[in-house]
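A.B. asks: coords-v4.cif is reproduced below (mmCIF, C-alpha atoms).
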```
data_input
loop_
_atom_site.label_atom_id
_atom_site.label_comp_id
_atom_site.auth_asym_id
_atom_site.auth_seq_id
_atom_site.Cartn_x
_atom_site.Cartn_y
_atom_site.Cartn_z
CA MET A 1 74.92 106.23 82.11
CA HIS A 2 78.23 108.00 81.63
CA LEU A 3 79.07 111.68 81.97
CA VAL A 4 82.15 113.17 80.30
CA ILE A 5 83.38 116.67 81.13
CA VAL A 6 85.65 118.09 78.42
CA SER A 7 87.84 121.09 79.16
CA GLY A 8 91.10 122.49 77.88
CA LEU A 9 92.86 125.33 76.16
CA SER A 10 91.21 127.34 73.42
CA GLY A 11 92.43 125.82 70.17
CA SER A 12 93.32 122.47 71.73
CA GLY A 13 90.50 120.56 70.02
CA LYS A 14 87.59 120.65 72.48
CA SER A 15 85.00 121.13 69.72
CA THR A 16 86.45 118.16 67.84
CA ALA A 17 86.30 116.04 70.99
CA LEU A 18 82.68 117.00 71.67
CA ASN A 19 81.73 116.34 68.05
CA ALA A 20 83.30 112.88 68.29
CA LEU A 21 81.31 112.16 71.45
CA GLU A 22 78.11 113.46 69.84
CA ASP A 23 78.68 111.16 66.86
CA ALA A 24 79.05 108.30 69.36
CA GLY A 25 75.59 109.03 70.76
CA TYR A 26 76.38 111.36 73.66
CA ASN A 27 74.06 114.25 74.51
CA CYS A 28 76.45 117.21 74.33
CA ILE A 29 76.28 120.62 76.01
CA ASP A 30 79.03 123.12 75.27
CA ASN A 31 80.18 126.21 77.19
CA LEU A 32 78.44 125.40 80.47
CA PRO A 33 79.31 127.69 83.42
CA VAL A 34 80.87 125.70 86.27
CA SER A 35 78.33 127.12 88.73
CA LEU A 36 75.52 125.40 86.79
CA LEU A 37 77.22 122.01 86.79
CA PRO A 38 75.72 120.69 90.09
CA ALA A 39 72.17 121.42 88.95
CA LEU A 40 72.79 119.75 85.60
CA ILE A 41 74.31 116.68 87.29
CA THR A 42 71.20 116.43 89.47
CA GLN A 43 69.06 116.35 86.34
CA ILE A 44 71.36 113.83 84.67
CA GLN A 45 71.07 111.53 87.67
CA LEU A 46 67.37 111.21 86.91
CA HIS A 47 68.43 109.30 83.78
CA LYS A 48 71.10 107.14 85.40
CA ASP A 49 69.05 103.96 85.05
CA ALA A 50 68.20 104.58 81.40
CA ASP A 51 70.08 102.62 78.77
CA ASN A 52 72.51 104.51 76.52
CA GLN A 53 71.93 107.85 78.25
CA ASN A 54 75.40 109.37 78.01
CA PHE A 55 76.23 113.05 78.40
CA ALA A 56 79.22 115.23 77.49
CA ILE A 57 79.71 118.75 78.83
CA GLY A 58 82.19 121.31 77.54
CA ILE A 59 83.66 123.76 80.07
CA ASP A 60 86.33 126.29 79.15
CA ILE A 61 87.64 129.79 79.67
CA ARG A 62 84.63 131.38 77.98
CA ASP A 63 82.72 130.64 81.19
CA ALA A 64 83.01 132.75 84.33
CA TRP A 65 86.65 131.90 85.03
CA GLN A 66 86.30 132.96 88.67
CA ASP A 67 84.30 129.74 89.23
CA LEU A 68 86.99 127.42 87.88
CA GLU A 69 88.78 127.18 91.23
CA ILE A 70 85.79 125.39 92.77
CA PHE A 71 85.84 122.70 90.10
CA PRO A 72 88.22 120.20 91.83
CA SER A 73 86.18 120.12 95.04
CA MET A 74 82.99 119.78 93.00
CA VAL A 75 84.49 116.81 91.13
CA GLY A 76 85.58 115.19 94.39
CA HIS A 77 82.12 115.59 95.89
CA HIS A 78 80.32 113.95 92.98
CA LYS A 79 82.86 111.15 92.64
CA ASP A 80 82.37 110.39 96.33
CA ALA A 81 78.70 109.99 95.44
CA HIS A 82 79.74 107.34 92.87
CA LEU A 83 78.40 109.18 89.86
CA PRO A 84 80.14 107.62 86.84
CA PHE A 85 81.90 110.43 85.03
CA THR A 86 85.24 111.24 83.45
CA VAL A 87 87.05 114.57 83.25
CA VAL A 88 89.12 115.03 80.08
CA PHE A 89 91.51 117.96 79.64
CA LEU A 90 92.95 118.86 76.23
CA ASP A 91 96.33 120.56 76.24
CA ALA A 92 98.80 121.69 73.57
CA GLU A 93 102.07 123.57 73.30
CA THR A 94 101.78 127.35 73.09
CA LYS A 95 103.57 127.45 69.72
CA LYS A 96 101.03 125.04 68.25
CA ILE A 97 98.07 126.99 69.66
CA VAL A 98 99.45 130.18 68.11
CA GLN A 99 99.76 128.40 64.77
CA ARG A 100 96.17 127.13 64.91
CA PHE A 101 94.75 130.57 65.71
CA SER A 102 96.82 132.09 62.91
CA GLU A 103 95.55 129.52 60.41
CA THR A 104 91.88 129.90 61.36
CA ARG A 105 92.08 133.67 62.00
CA ARG A 106 89.98 133.20 65.11
CA LYS A 107 90.32 135.51 68.09
CA HIS A 108 91.44 134.05 71.40
CA PRO A 109 88.79 134.73 74.10
CA LEU A 110 91.38 136.36 76.39
CA SER A 111 93.22 138.44 73.81
CA ASP A 112 92.50 142.16 73.47
CA LYS A 113 94.31 145.39 72.71
CA HIS A 114 96.21 145.05 75.99
CA ARG A 115 97.10 141.33 75.76
CA HIS A 116 98.67 139.69 72.67
CA LEU A 117 97.94 136.10 71.67
CA THR A 118 100.90 134.40 73.37
CA ALA A 119 100.20 136.22 76.63
CA ALA A 120 96.52 135.25 76.39
CA ILE A 121 97.44 131.58 75.99
CA GLU A 122 99.80 131.67 78.96
CA THR A 123 97.10 133.37 81.06
CA GLU A 124 94.62 130.70 80.04
CA HIS A 125 97.11 128.00 81.08
CA GLN A 126 97.17 129.49 84.59
CA LEU A 127 93.42 129.98 84.88
CA LEU A 128 92.65 126.43 83.74
CA GLU A 129 95.17 124.78 86.06
CA PRO A 130 92.43 123.65 88.53
CA MET A 131 90.63 121.93 85.66
CA ARG A 132 93.80 120.21 84.53
CA ASP A 133 94.61 119.05 88.06
CA ALA A 134 91.16 117.49 88.41
CA ALA A 135 91.31 115.64 85.08
CA ASP A 136 91.22 111.85 84.83
CA LEU A 137 92.81 112.01 81.39
CA VAL A 138 95.04 114.73 79.94
CA ILE A 139 95.48 114.60 76.16
CA ASN A 140 98.18 116.71 74.56
CA THR A 141 97.00 117.44 71.02
CA THR A 142 100.15 119.18 69.78
CA ASP A 143 101.04 116.36 67.40
CA LEU A 144 97.51 115.15 66.65
CA ASN A 145 95.47 116.05 63.60
CA LEU A 146 91.65 116.17 63.71
CA HIS A 147 91.27 112.57 62.55
CA GLN A 148 93.73 111.25 65.14
CA LEU A 149 92.07 113.21 67.95
CA ARG A 150 88.63 111.92 66.98
CA GLU A 151 89.90 108.34 66.93
CA LEU A 152 91.61 108.80 70.30
CA ILE A 153 88.44 110.19 71.88
CA LYS A 154 86.42 107.39 70.36
CA SER A 155 88.71 104.59 71.56
CA ARG A 156 89.53 105.93 75.02
CA ILE A 157 86.25 107.62 75.99
CA ALA A 158 83.27 107.01 73.73
CA GLU A 159 83.39 103.26 73.19
CA PRO A 160 81.80 101.27 75.99
CA HIS A 161 84.30 99.96 78.52
CA SER A 162 84.20 98.47 81.98
CA ASP A 163 84.56 100.59 85.09
CA GLY A 164 88.19 99.45 85.54
CA MET A 165 91.35 101.34 84.71
CA ALA A 166 92.00 101.95 81.00
CA VAL A 167 95.57 101.22 79.87
CA LEU A 168 97.14 102.44 76.62
CA PHE A 169 100.46 101.06 75.35
CA GLU A 170 101.98 103.58 72.94
CA SER A 171 105.09 103.05 70.82
CA PHE A 172 107.17 106.02 69.66
CA GLY A 173 110.54 107.04 68.23
CA PHE A 174 112.91 108.99 70.46
CA LYS A 175 114.17 110.91 67.43
CA HIS A 176 110.72 112.51 67.31
CA GLY A 177 110.51 113.07 71.07
CA PRO A 178 108.57 111.15 73.76
CA PRO A 179 104.76 111.46 73.94
CA ASN A 180 103.49 114.34 76.04
CA ASN A 181 100.70 112.18 77.46
CA ALA A 182 102.86 109.36 78.80
CA ASP A 183 102.59 108.36 82.47
CA ILE A 184 105.34 105.70 82.31
CA VAL A 185 108.16 105.60 79.73
CA PHE A 186 110.48 102.70 78.87
CA ASP A 187 113.55 102.99 76.62
CA ALA A 188 114.12 100.06 74.22
CA ARG A 189 117.06 101.60 72.31
CA CYS A 190 119.52 99.26 74.02
CA LEU A 191 117.94 96.19 72.37
CA PRO A 192 119.11 94.53 69.15
CA ASN A 193 117.83 96.62 66.25
CA PRO A 194 116.16 94.99 63.21
CA HIS A 195 116.93 98.18 61.29
CA TRP A 196 120.50 96.98 60.79
CA LYS A 197 119.34 93.85 58.96
CA GLN A 198 118.73 94.91 55.38
CA SER A 199 115.86 92.46 54.87
CA LEU A 200 114.00 93.83 57.93
CA ARG A 201 114.64 97.54 57.55
CA SER A 202 111.53 98.32 55.52
CA GLN A 203 109.27 96.22 57.75
CA THR A 204 107.78 97.04 61.18
CA GLY A 205 107.35 95.34 64.52
CA ARG A 206 104.02 94.01 63.29
CA ASP A 207 105.54 91.98 60.45
CA VAL A 208 106.22 88.27 60.94
CA ASP A 209 109.93 88.41 60.05
CA VAL A 210 110.61 91.19 62.55
CA ILE A 211 108.55 89.42 65.23
CA ASP A 212 110.52 86.21 64.67
CA PHE A 213 113.81 88.11 64.90
CA LEU A 214 112.87 89.83 68.17
CA ASP A 215 111.33 86.66 69.60
CA SER A 216 114.74 85.00 69.23
CA GLU A 217 116.71 87.75 71.01
CA PRO A 218 117.32 87.00 74.74
CA LEU A 219 117.76 90.69 75.65
CA VAL A 220 114.40 91.56 74.11
CA GLN A 221 112.69 88.79 76.05
CA ASP A 222 114.42 89.89 79.26
CA MET A 223 113.13 93.45 78.87
CA LEU A 224 109.65 92.22 78.00
CA GLN A 225 109.62 90.06 81.12
CA ASP A 226 110.93 92.90 83.31
CA ILE A 227 108.32 95.39 82.05
CA THR A 228 105.57 92.80 82.47
CA HIS A 229 106.66 92.12 86.05
CA PHE A 230 106.92 95.83 86.89
CA LEU A 231 103.48 96.71 85.53
CA GLY A 232 101.85 93.63 87.01
CA ARG A 233 103.28 94.62 90.37
CA TRP A 234 102.01 98.20 90.25
CA TRP A 235 98.62 98.08 88.44
CA GLN A 236 96.74 97.54 91.70
CA HIS A 237 98.39 100.55 93.33
CA TYR A 238 97.49 102.85 90.44
CA GLN A 239 93.91 101.60 90.61
CA ALA A 240 93.85 102.04 94.38
CA ASN A 241 94.83 105.67 93.78
CA ASN A 242 91.69 106.12 91.64
CA ARG A 243 93.60 106.30 88.37
CA SER A 244 91.17 105.85 85.50
CA TYR A 245 93.70 106.08 82.67
CA ILE A 246 97.35 105.06 82.35
CA THR A 247 99.52 105.54 79.26
CA VAL A 248 102.64 103.36 79.08
CA ALA A 249 104.98 104.60 76.33
CA ILE A 250 107.82 102.51 74.93
CA GLY A 251 110.36 104.11 72.64
CA CYS A 252 113.10 102.99 70.31
CA THR A 253 115.10 105.10 67.87
CA GLY A 254 112.57 105.40 65.04
CA GLY A 255 109.44 103.88 66.58
CA GLN A 256 109.15 101.26 63.84
CA HIS A 257 110.42 97.93 65.17
CA ARG A 258 111.34 97.28 68.81
CA SER A 259 108.84 99.60 70.50
CA VAL A 260 106.02 98.40 68.23
CA TYR A 261 106.84 94.77 68.99
CA LEU A 262 106.96 95.35 72.77
CA CYS A 263 103.69 97.32 72.87
CA ASP A 264 101.85 94.65 70.92
CA LYS A 265 103.24 91.91 73.17
CA LEU A 266 102.26 93.80 76.32
CA GLN A 267 98.78 94.49 74.97
CA GLN A 268 98.36 90.77 74.33
CA GLN A 269 99.80 89.94 77.75
CA PHE A 270 97.56 92.21 79.81
CA SER A 271 94.34 91.89 77.81
CA GLY A 272 93.65 88.75 79.79
CA GLU A 273 94.12 90.55 83.13
CA LEU A 274 92.62 94.00 82.55
CA ASP A 275 89.29 94.81 80.92
CA ASN A 276 90.40 97.82 78.88
CA VAL A 277 93.82 97.53 77.23
CA GLN A 278 94.59 99.40 74.01
CA VAL A 279 97.63 99.95 71.81
CA ARG A 280 98.70 102.88 69.63
CA HIS A 281 101.77 103.18 67.41
CA ARG A 282 102.48 106.88 67.09
CA GLU A 283 104.96 106.76 64.23
CA LEU A 284 103.12 104.06 62.27
CA ASP A 285 99.83 105.96 62.65
CA ALA A 286 101.34 109.34 61.73
CA PRO A 287 100.09 110.85 58.48
CA GLN A 288 102.52 110.31 55.62
#
```
Represent the structure of the file as structure tokens.

C.D. replies:
Amino acid sequence: MHLVIVSGLSGSGKSTALNALEDAGYNCIDNLPVSLLPALITQIQLHKDADNQNFAIGIDIRDAWQDLEIFPSMVGHHKDAHLPFTVVFLDAETKKIVQRFSETRRKHPLSDKHRHLTAAIETEHQLLEPMRDAADLVINTTDLNLHQLRELIKSRIAEPHSDGMAVLFESFGFKHGPPNNADIVFDARCLPNPHWKQSLRSQTGRDVDVIDFLDSEPLVQDMLQDITHFLGRWWQHYQANNRSYITVAIGCTGGQHRSVYLCDKLQQQFSGELDNVQVRHRELDAPQ
């Protein structure tokens, strides 16, 4: 049995996340008041020994927001009782939220004749801070489309995993900015760049010729070894601090060659040590 609590800003993609979980077989309940959560968890515990009984609950600002401050202590209490559940918070930049509401012509739940849309979003940020602080996984959806968000929810939450820490290696290009969700960031721009070899420019870090080129570069291997040693040294401390999810982002200039190569190598390296290791290439996966 697994319980997922999904919260986040209005317009951040909570409905998409819940739909993805429902498609994966979760029993979903949206817009649940926080005050009713303990009673629902008690009922869910009756099914904890049943196979494939997974639940997802949506909680957001439409509920009695005065109750949101009690959420962190409630989460701590139930986690102390060893109930297997994950809290996911969806975030996004204010500018992007404004754009989404403008495109859909929906009304923000906190906007009225006295509070314009931007002010409503900023107020919601403040009110939902206790939810964000209690989250196991924060996903910034600013640069994600619906398909990408669904795939991210599916791979990181919905698919069956062990109870250990989930690690995501994500490559990116610094010219597009670092990922908002990253916990640890490494900069690979100092490494030899396949881009400057005409025969490799159109390829990526997943192509054999680029892999052979980077395999032969001592500086690349030194950085790979240093990152491997650093992460291997600190995994146990993150896990001891009850971290359920860690995102390790590695960037190069364009996010096509060096960062892709390093993320794939690290995913291969740690798959034998950790039960849940994934890889994502932001620029390669971006819609064309």

A.B. asks: Which polymer residues have any atom within 10 Å of an atom of Gly58 in chain A, counting all atoms listed in the file, with same-chain residues fewer than 3 positions away left out, as a list in words?

C.D. replies: Val4, Ile5, Val6, Ser7, Gly8, Lys14, Ser15, Ala17, Leu18, Cys28, Ile29, Asp30, Asn31, Leu32, Pro33, Val34 and Val88 of chain A

A.B. asks: Check the smallest atom-to-atom distance from each of A:Lys96, A:Arg105, A:Arg189, A:Lys175 to Glu283 in chain A using all atoms listed in the file, then report the winner.

C.D. replies: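 Checking each of A:Lys96, A:Arg105, A:Arg189, A:Lys175 against Glu283 in chain A, counting all atoms listed in the file, the winner is A:Lys175.
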
A.B. asks: When the PyMOL selection byres ((chain A and resi 86) around 8) is applied to the structure above, which residues does it catch, written out as an mmCIF file with C-alpha atoms, in the frame of the given file?

C.D. replies:
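Ended up saving to expr.cif:
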```cif
data_model
loop_
_atom_site.group_PDB
_atom_site.id
_atom_site.type_symbol
_atom_site.label_atom_id
_atom_site.label_comp_id
_atom_site.auth_asym_id
_atom_site.auth_seq_id
_atom_site.Cartn_x
_atom_site.Cartn_y
_atom_site.Cartn_z
ATOM 1 C CA HIS A 2 78.230 108.000 81.630
ATOM 2 C CA LEU A 3 79.070 111.680 81.970
ATOM 3 C CA VAL A 4 82.150 113.170 80.300
ATOM 4 C CA ILE A 5 83.380 116.670 81.130
ATOM 5 C CA PRO A 84 80.140 107.620 86.840
ATOM 6 C CA PHE A 85 81.900 110.430 85.030
ATOM 7 C CA VAL A 87 87.050 114.570 83.250
ATOM 8 C CA VAL A 88 89.120 115.030 80.080
ATOM 9 C CA ALA A 135 91.310 115.640 85.080
ATOM 10 C CA ASP A 136 91.220 111.850 84.830
ATOM 11 C CA LEU A 137 92.810 112.010 81.390
#
```

A.B. asks: With all atoms listed in the file as the atoms that count, which of A:Lys107, A:Asp133, A:Asn19, A:Asp187 lies nearest to His147 in chain A?

C.D. replies: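 Between A:Lys107, A:Asp133, A:Asn19, A:Asp187, the residue approaching His147 in chain A most closely is A:Asn19.
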
A.B. asks: Could you pull the residues within 9 Å of Thr118 in chain A, counting only C-alpha atoms, minus those fewer than 2 positions along the same chain, as a list in words?

C.D. replies: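 Skipping anything fewer than 2 positions along the chain leaves Thr94, Lys95, Ile97, Val98, Ser111, Arg115, His116, Ala120, Ile121, Glu122 and Thr123 of chain A.
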
A.B. asks: So that I have them on file, write out the residues from the current selection with C-alpha atoms, as a PDB file, keeping the file's coordinate frame.

C.D. replies:
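Below is the file part_18.pdb, written as the result:
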```pdb
ATOM      1  CA  THR A  94     101.780 127.350  73.090  1.00  0.00           C
ATOM      2  CA  LYS A  95     103.570 127.450  69.720  1.00  0.00           C
ATOM      3  CA  ILE A  97      98.070 126.990  69.660  1.00  0.00           C
ATOM      4  CA  VAL A  98      99.450 130.180  68.110  1.00  0.00           C
ATOM      5  CA  SER A 111      93.220 138.440  73.810  1.00  0.00           C
ATOM      6  CA  ARG A 115      97.100 141.330  75.760  1.00  0.00           C
ATOM      7  CA  HIS A 116      98.670 139.690  72.670  1.00  0.00           C
ATOM      8  CA  ALA A 120      96.520 135.250  76.390  1.00  0.00           C
ATOM      9  CA  ILE A 121      97.440 131.580  75.990  1.00  0.00           C
ATOM     10  CA  GLU A 122      99.800 131.670  78.960  1.00  0.00           C
ATOM     11  CA  THR A 123      97.100 133.370  81.060  1.00  0.00           C
TER      12      THR A 123
END
```

A.B. asks: With all atoms listed in the file as the atoms that count, which of A:Phe174, A:Phe71, A:Phe186, A:Phe101 lies nearest to Met131 in chain A?

C.D. replies: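 The answer is A:Phe71, which sits nearest to Met131 in chain A.
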
A.B. asks: With distances taken over only C-alpha atoms, which of A:Met165, A:Val138, A:Ala20, A:Val185 is nearest to Gln239 in chain A?

C.D. replies: A:Met165

A.B. asks: With distances taken over all atoms listed in the file, which of A:His229, A:His257, A:Arg106, A:Arg282 is nearest to Gln203 in chain A?

C.D. replies: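 So, comparing all the options, the nearest one is A:His257.
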
A.B. asks: Do you know which residues are at most 12 Å from Leu46 in chain A counting all atoms listed in the file, after dropping those on the same chain fewer than 6 positions away, and could you put them as a ChimeraX atom specification?

C.D. replies: /A:1,39-40,53,83

A.B. asks: Keeping only C-alpha atoms, write the selected residues as a compact mmCIF listing (two decimals), in the frame of the given file.

C.D. replies:
```
# COMPACT_ATOMS: atom_id res chain seq x y z
CA MET A 1 74.92 106.23 82.11
CA ALA A 39 72.17 121.42 88.95
CA LEU A 40 72.79 119.75 85.60
CA GLN A 53 71.93 107.85 78.25
CA LEU A 83 78.40 109.18 89.86
```

A.B. asks: Would you kindly return, as a list in words, each protein, DNA or RNA residue with an atom no farther than 10 Å from any atom of range 221-225 of chain A, considering all atoms listed in the file and excluding same-chain residues fewer than 4 positions away?

C.D. replies: Phe186, Asp187, Ala188, Cys190, Leu191, Leu214, Asp215, Ser216, Glu217, His229, Phe230, Tyr261, Leu262, Cys263, Lys265 and Leu266 of chain A
